[in-house]
Structure formats: structure tokens, C-alpha cells
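Dropping my_file-v3.txt in here (compact mmCIF, N, CA and C atoms):
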```txt
# COMPACT_ATOMS: atom_id res chain seq x y z
N MET A 1 -17.25 55.22 18.76
CA MET A 1 -16.97 54.98 17.36
C MET A 1 -18.11 54.19 16.70
N GLU A 2 -18.69 53.28 17.49
CA GLU A 2 -19.77 52.45 16.95
C GLU A 2 -21.00 53.29 16.62
N LYS A 3 -21.30 54.29 17.48
CA LYS A 3 -22.44 55.16 17.22
C LYS A 3 -22.21 56.01 15.97
N PHE A 4 -20.97 56.45 15.76
CA PHE A 4 -20.65 57.23 14.58
C PHE A 4 -20.83 56.40 13.31
N LEU A 5 -20.38 55.15 13.34
CA LEU A 5 -20.56 54.27 12.18
C LEU A 5 -22.03 53.98 11.94
N GLN A 6 -22.81 53.84 13.02
CA GLN A 6 -24.24 53.63 12.88
C GLN A 6 -24.90 54.85 12.26
N PHE A 7 -24.47 56.05 12.68
CA PHE A 7 -24.98 57.30 12.11
C PHE A 7 -24.68 57.35 10.62
N LEU A 8 -23.45 57.03 10.24
CA LEU A 8 -23.09 57.03 8.81
C LEU A 8 -23.90 56.00 8.04
N SER A 9 -24.14 54.87 8.64
CA SER A 9 -24.93 53.83 7.99
C SER A 9 -26.38 54.26 7.80
N ASP A 10 -26.93 54.93 8.79
CA ASP A 10 -28.33 55.36 8.73
C ASP A 10 -28.54 56.53 7.78
N TYR A 11 -27.56 57.41 7.67
CA TYR A 11 -27.72 58.64 6.91
C TYR A 11 -26.73 58.76 5.76
N LYS A 12 -26.38 57.64 5.14
CA LYS A 12 -25.37 57.71 4.08
C LYS A 12 -25.88 58.41 2.83
N TYR A 13 -27.14 58.23 2.45
CA TYR A 13 -27.64 58.87 1.23
C TYR A 13 -27.81 60.38 1.39
N PRO A 14 -28.33 60.87 2.52
CA PRO A 14 -28.35 62.33 2.67
C PRO A 14 -26.95 62.94 2.71
N ILE A 15 -25.99 62.22 3.29
CA ILE A 15 -24.62 62.72 3.32
C ILE A 15 -24.04 62.77 1.91
N ILE A 16 -24.30 61.74 1.12
CA ILE A 16 -23.82 61.73 -0.27
C ILE A 16 -24.48 62.86 -1.05
N GLY A 17 -25.77 63.07 -0.86
CA GLY A 17 -26.48 64.16 -1.52
C GLY A 17 -25.92 65.51 -1.13
N PHE A 18 -25.59 65.67 0.14
CA PHE A 18 -25.00 66.92 0.61
C PHE A 18 -23.65 67.17 -0.04
N VAL A 19 -22.83 66.14 -0.13
CA VAL A 19 -21.51 66.29 -0.75
C VAL A 19 -21.64 66.63 -2.23
N ILE A 20 -22.55 65.97 -2.93
CA ILE A 20 -22.75 66.27 -4.35
C ILE A 20 -23.26 67.69 -4.54
N ALA A 21 -24.21 68.12 -3.70
CA ALA A 21 -24.72 69.49 -3.78
C ALA A 21 -23.61 70.49 -3.49
N LEU A 22 -22.76 70.19 -2.54
CA LEU A 22 -21.63 71.06 -2.22
C LEU A 22 -20.67 71.17 -3.40
N ILE A 23 -20.42 70.06 -4.07
CA ILE A 23 -19.55 70.08 -5.26
C ILE A 23 -20.19 70.91 -6.36
N PHE A 24 -21.50 70.76 -6.58
CA PHE A 24 -22.19 71.57 -7.59
C PHE A 24 -22.07 73.06 -7.29
N ILE A 25 -22.25 73.41 -6.03
CA ILE A 25 -22.19 74.83 -5.65
C ILE A 25 -20.78 75.37 -5.79
N MET A 26 -19.79 74.60 -5.40
CA MET A 26 -18.41 75.07 -5.44
C MET A 26 -17.88 75.20 -6.87
N THR A 27 -18.42 74.42 -7.80
CA THR A 27 -17.92 74.43 -9.18
C THR A 27 -18.85 75.17 -10.14
N ASP A 28 -19.88 75.82 -9.62
CA ASP A 28 -20.86 76.54 -10.44
C ASP A 28 -21.59 75.65 -11.43
N LEU A 29 -21.68 74.37 -11.15
CA LEU A 29 -22.45 73.47 -12.02
C LEU A 29 -23.95 73.59 -11.78
N TYR A 30 -24.35 74.30 -10.73
CA TYR A 30 -25.78 74.44 -10.45
C TYR A 30 -26.49 75.23 -11.54
N ASN A 31 -25.75 75.97 -12.35
CA ASN A 31 -26.37 76.69 -13.46
C ASN A 31 -26.88 75.72 -14.53
N LEU A 32 -26.38 74.51 -14.55
CA LEU A 32 -26.82 73.52 -15.52
C LEU A 32 -28.00 72.69 -15.03
N ILE A 33 -28.30 72.77 -13.75
CA ILE A 33 -29.33 71.91 -13.18
C ILE A 33 -30.71 72.24 -13.74
N VAL A 34 -31.06 73.52 -13.82
CA VAL A 34 -32.39 73.90 -14.31
C VAL A 34 -32.61 73.46 -15.75
N PRO A 35 -31.67 73.72 -16.68
CA PRO A 35 -31.90 73.21 -18.04
C PRO A 35 -31.99 71.69 -18.12
N ILE A 36 -31.21 70.99 -17.32
CA ILE A 36 -31.26 69.52 -17.32
C ILE A 36 -32.62 69.06 -16.81
N ILE A 37 -33.13 69.69 -15.76
CA ILE A 37 -34.45 69.32 -15.22
C ILE A 37 -35.53 69.60 -16.25
N LEU A 38 -35.44 70.72 -16.94
CA LEU A 38 -36.43 71.04 -17.97
C LEU A 38 -36.39 70.03 -19.11
N LEU A 39 -35.19 69.60 -19.51
CA LEU A 39 -35.08 68.59 -20.56
C LEU A 39 -35.69 67.26 -20.13
N ILE A 40 -35.40 66.85 -18.91
CA ILE A 40 -35.95 65.59 -18.40
C ILE A 40 -37.47 65.68 -18.30
N ALA A 41 -37.98 66.82 -17.82
CA ALA A 41 -39.44 66.99 -17.72
C ALA A 41 -40.09 66.97 -19.10
N GLY A 42 -39.43 67.57 -20.10
CA GLY A 42 -39.96 67.55 -21.46
C GLY A 42 -40.02 66.15 -22.03
N VAL A 43 -38.97 65.38 -21.80
CA VAL A 43 -38.95 64.00 -22.29
C VAL A 43 -40.03 63.18 -21.59
N TYR A 44 -40.15 63.35 -20.28
CA TYR A 44 -41.16 62.62 -19.52
C TYR A 44 -42.57 62.98 -20.02
N PHE A 45 -42.83 64.27 -20.22
CA PHE A 45 -44.14 64.71 -20.70
C PHE A 45 -44.41 64.14 -22.09
N GLY A 46 -43.38 64.08 -22.94
CA GLY A 46 -43.56 63.51 -24.27
C GLY A 46 -43.93 62.04 -24.22
N PHE A 47 -43.23 61.27 -23.38
CA PHE A 47 -43.57 59.86 -23.24
C PHE A 47 -44.96 59.67 -22.66
N TYR A 48 -45.31 60.50 -21.67
CA TYR A 48 -46.64 60.41 -21.07
C TYR A 48 -47.72 60.70 -22.11
N PHE A 49 -47.50 61.73 -22.90
CA PHE A 49 -48.48 62.08 -23.92
C PHE A 49 -48.59 60.98 -24.97
N GLN A 50 -47.46 60.40 -25.36
CA GLN A 50 -47.47 59.36 -26.38
C GLN A 50 -48.22 58.12 -25.90
N LYS A 51 -48.02 57.73 -24.64
CA LYS A 51 -48.65 56.51 -24.14
C LYS A 51 -50.11 56.73 -23.74
N ASN A 52 -50.48 57.94 -23.36
CA ASN A 52 -51.83 58.22 -22.87
C ASN A 52 -52.51 59.29 -23.71
N LYS A 53 -52.37 59.21 -25.01
CA LYS A 53 -52.87 60.25 -25.89
C LYS A 53 -54.38 60.44 -25.77
N GLU A 54 -55.13 59.36 -25.79
CA GLU A 54 -56.60 59.46 -25.74
C GLU A 54 -57.06 60.00 -24.38
N GLN A 55 -56.49 59.51 -23.31
CA GLN A 55 -56.86 60.00 -21.98
C GLN A 55 -56.49 61.47 -21.84
N PHE A 56 -55.35 61.86 -22.38
CA PHE A 56 -54.91 63.25 -22.31
C PHE A 56 -55.86 64.16 -23.08
N LYS A 57 -56.30 63.70 -24.26
CA LYS A 57 -57.24 64.49 -25.05
C LYS A 57 -58.55 64.68 -24.30
N GLU A 58 -59.04 63.63 -23.63
CA GLU A 58 -60.28 63.72 -22.86
C GLU A 58 -60.13 64.71 -21.70
N LYS A 59 -59.00 64.66 -21.01
CA LYS A 59 -58.78 65.57 -19.88
C LYS A 59 -58.71 67.02 -20.36
N VAL A 60 -58.04 67.25 -21.48
CA VAL A 60 -57.94 68.61 -22.01
C VAL A 60 -59.31 69.10 -22.46
N LYS A 61 -60.08 68.21 -23.09
CA LYS A 61 -61.41 68.59 -23.56
C LYS A 61 -62.31 68.94 -22.38
N LYS A 62 -62.26 68.16 -21.29
CA LYS A 62 -63.07 68.45 -20.11
C LYS A 62 -62.62 69.77 -19.47
N PHE A 63 -61.32 70.03 -19.45
CA PHE A 63 -60.81 71.28 -18.88
C PHE A 63 -61.28 72.48 -19.70
N ILE A 64 -61.24 72.36 -21.01
CA ILE A 64 -61.68 73.45 -21.89
C ILE A 64 -63.18 73.67 -21.74
N ASP A 65 -63.95 72.59 -21.60
CA ASP A 65 -65.39 72.73 -21.41
C ASP A 65 -65.74 73.44 -20.11
N LYS A 66 -64.94 73.25 -19.08
CA LYS A 66 -65.17 73.93 -17.81
C LYS A 66 -64.93 75.42 -17.92
N LEU A 67 -64.00 75.80 -18.81
CA LEU A 67 -63.70 77.23 -18.98
C LEU A 67 -64.84 77.87 -19.74
```
Structure re-expressed in C-alpha cells:
Amino acid sequence: MEKFLQFLSDYKYPIIGFVIALIFIMTDLYNLIVPIILLIAGVYFGFYFQKNKEQFKEKVKKFIDKL
């Protein structure tokens, strides 16, 4: 029993992730995952661009010059 509790203690986050993924699959909520990820990526890219506007412009300019 002690080894089983140690196993649960060591791997509790992967087990929780597995259970959540199983719930998503069983309830067809996985269809919402891609749009949610795209929204989060868009927000992250917007914040990145806002905070690093000058550096971003320089990188884009160098990339265009290489083409």
C-alpha cells in the first residue's frame, strides 16, 4: 500500500492530466480546445508585439531583407 501511495504522490499531476483529458474526450469538449488555444496564442502574440514593437520591427525588416 505504501508503494502505491508513493506512486500516486510521484505521478499525481500526470494522473490528473489523464483524467481531465479523458473527461474532455468523453464529453466531446476537445472540439473547443483548438479555438481556445488559438485565442490564447493570439492574445500572447498581441502582448508580445505591444511590448517588443521596435525589436519585432527590426526582426521583420532583417527577415524581409534576406528574402
Pairwise distance for atom C of Tyr30 in chain A and CA of Phe18 in chain A, rounded to one decimal in Å: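 That distance, rounded to one decimal, is 14.8 Å.
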Alpha helix (DSSP H) residues, from DSSP on the backbone, in range 11-54 of chain A, as a VMD selection string: chain A and resid 12 to 26 33 to 51 53 to 54
Would you mind exporting the chosen residues as a compact mmCIF listing (two decimals), in the coordinates of the input, restricted to N, CA and C atoms?
```txt
# COMPACT_ATOMS: atom_id res chain seq x y z
N LYS A 12 -26.38 57.64 5.14
CA LYS A 12 -25.37 57.71 4.08
C LYS A 12 -25.88 58.41 2.83
N TYR A 13 -27.14 58.23 2.45
CA TYR A 13 -27.64 58.87 1.23
C TYR A 13 -27.81 60.38 1.39
N PRO A 14 -28.33 60.87 2.52
CA PRO A 14 -28.35 62.33 2.67
C PRO A 14 -26.95 62.94 2.71
N ILE A 15 -25.99 62.22 3.29
CA ILE A 15 -24.62 62.72 3.32
C ILE A 15 -24.04 62.77 1.91
N ILE A 16 -24.30 61.74 1.12
CA ILE A 16 -23.82 61.73 -0.27
C ILE A 16 -24.48 62.86 -1.05
N GLY A 17 -25.77 63.07 -0.86
CA GLY A 17 -26.48 64.16 -1.52
C GLY A 17 -25.92 65.51 -1.13
N PHE A 18 -25.59 65.67 0.14
CA PHE A 18 -25.00 66.92 0.61
C PHE A 18 -23.65 67.17 -0.04
N VAL A 19 -22.83 66.14 -0.13
CA VAL A 19 -21.51 66.29 -0.75
C VAL A 19 -21.64 66.63 -2.23
N ILE A 20 -22.55 65.97 -2.93
CA ILE A 20 -22.75 66.27 -4.35
C ILE A 20 -23.26 67.69 -4.54
N ALA A 21 -24.21 68.12 -3.70
CA ALA A 21 -24.72 69.49 -3.78
C ALA A 21 -23.61 70.49 -3.49
N LEU A 22 -22.76 70.19 -2.54
CA LEU A 22 -21.63 71.06 -2.22
C LEU A 22 -20.67 71.17 -3.40
N ILE A 23 -20.42 70.06 -4.07
CA ILE A 23 -19.55 70.08 -5.26
C ILE A 23 -20.19 70.91 -6.36
N PHE A 24 -21.50 70.76 -6.58
CA PHE A 24 -22.19 71.57 -7.59
C PHE A 24 -22.07 73.06 -7.29
N ILE A 25 -22.25 73.41 -6.03
CA ILE A 25 -22.19 74.83 -5.65
C ILE A 25 -20.78 75.37 -5.79
N MET A 26 -19.79 74.60 -5.40
CA MET A 26 -18.41 75.07 -5.44
C MET A 26 -17.88 75.20 -6.87
N ILE A 33 -28.30 72.77 -13.75
CA ILE A 33 -29.33 71.91 -13.18
C ILE A 33 -30.71 72.24 -13.74
N VAL A 34 -31.06 73.52 -13.82
CA VAL A 34 -32.39 73.90 -14.31
C VAL A 34 -32.61 73.46 -15.75
N PRO A 35 -31.67 73.72 -16.68
CA PRO A 35 -31.90 73.21 -18.04
C PRO A 35 -31.99 71.69 -18.12
N ILE A 36 -31.21 70.99 -17.32
CA ILE A 36 -31.26 69.52 -17.32
C ILE A 36 -32.62 69.06 -16.81
N ILE A 37 -33.13 69.69 -15.76
CA ILE A 37 -34.45 69.32 -15.22
C ILE A 37 -35.53 69.60 -16.25
N LEU A 38 -35.44 70.72 -16.94
CA LEU A 38 -36.43 71.04 -17.97
C LEU A 38 -36.39 70.03 -19.11
N LEU A 39 -35.19 69.60 -19.51
CA LEU A 39 -35.08 68.59 -20.56
C LEU A 39 -35.69 67.26 -20.13
N ILE A 40 -35.40 66.85 -18.91
CA ILE A 40 -35.95 65.59 -18.40
C ILE A 40 -37.47 65.68 -18.30
N ALA A 41 -37.98 66.82 -17.82
CA ALA A 41 -39.44 66.99 -17.72
C ALA A 41 -40.09 66.97 -19.10
N GLY A 42 -39.43 67.57 -20.10
CA GLY A 42 -39.96 67.55 -21.46
C GLY A 42 -40.02 66.15 -22.03
N VAL A 43 -38.97 65.38 -21.80
CA VAL A 43 -38.95 64.00 -22.29
C VAL A 43 -40.03 63.18 -21.59
N TYR A 44 -40.15 63.35 -20.28
CA TYR A 44 -41.16 62.62 -19.52
C TYR A 44 -42.57 62.98 -20.02
N PHE A 45 -42.83 64.27 -20.22
CA PHE A 45 -44.14 64.71 -20.70
C PHE A 45 -44.41 64.14 -22.09
N GLY A 46 -43.38 64.08 -22.94
CA GLY A 46 -43.56 63.51 -24.27
C GLY A 46 -43.93 62.04 -24.22
N PHE A 47 -43.23 61.27 -23.38
CA PHE A 47 -43.57 59.86 -23.24
C PHE A 47 -44.96 59.67 -22.66
N TYR A 48 -45.31 60.50 -21.67
CA TYR A 48 -46.64 60.41 -21.07
C TYR A 48 -47.72 60.70 -22.11
N PHE A 49 -47.50 61.73 -22.90
CA PHE A 49 -48.48 62.08 -23.92
C PHE A 49 -48.59 60.98 -24.97
N GLN A 50 -47.46 60.40 -25.36
CA GLN A 50 -47.47 59.36 -26.38
C GLN A 50 -48.22 58.12 -25.90
N LYS A 51 -48.02 57.73 -24.64
CA LYS A 51 -48.65 56.51 -24.14
C LYS A 51 -50.11 56.73 -23.74
N LYS A 53 -52.37 59.21 -25.01
CA LYS A 53 -52.87 60.25 -25.89
C LYS A 53 -54.38 60.44 -25.77
N GLU A 54 -55.13 59.36 -25.79
CA GLU A 54 -56.60 59.46 -25.74
C GLU A 54 -57.06 60.00 -24.38
```
Two-atom distance - atom C of Lys51 in chain A, CA of Ile33 in chain A (Å): 27.8 Å
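Coordinates place CA of Ile25 in chain A at a distance of 16.5 Å from CA of Ile37 in chain A.
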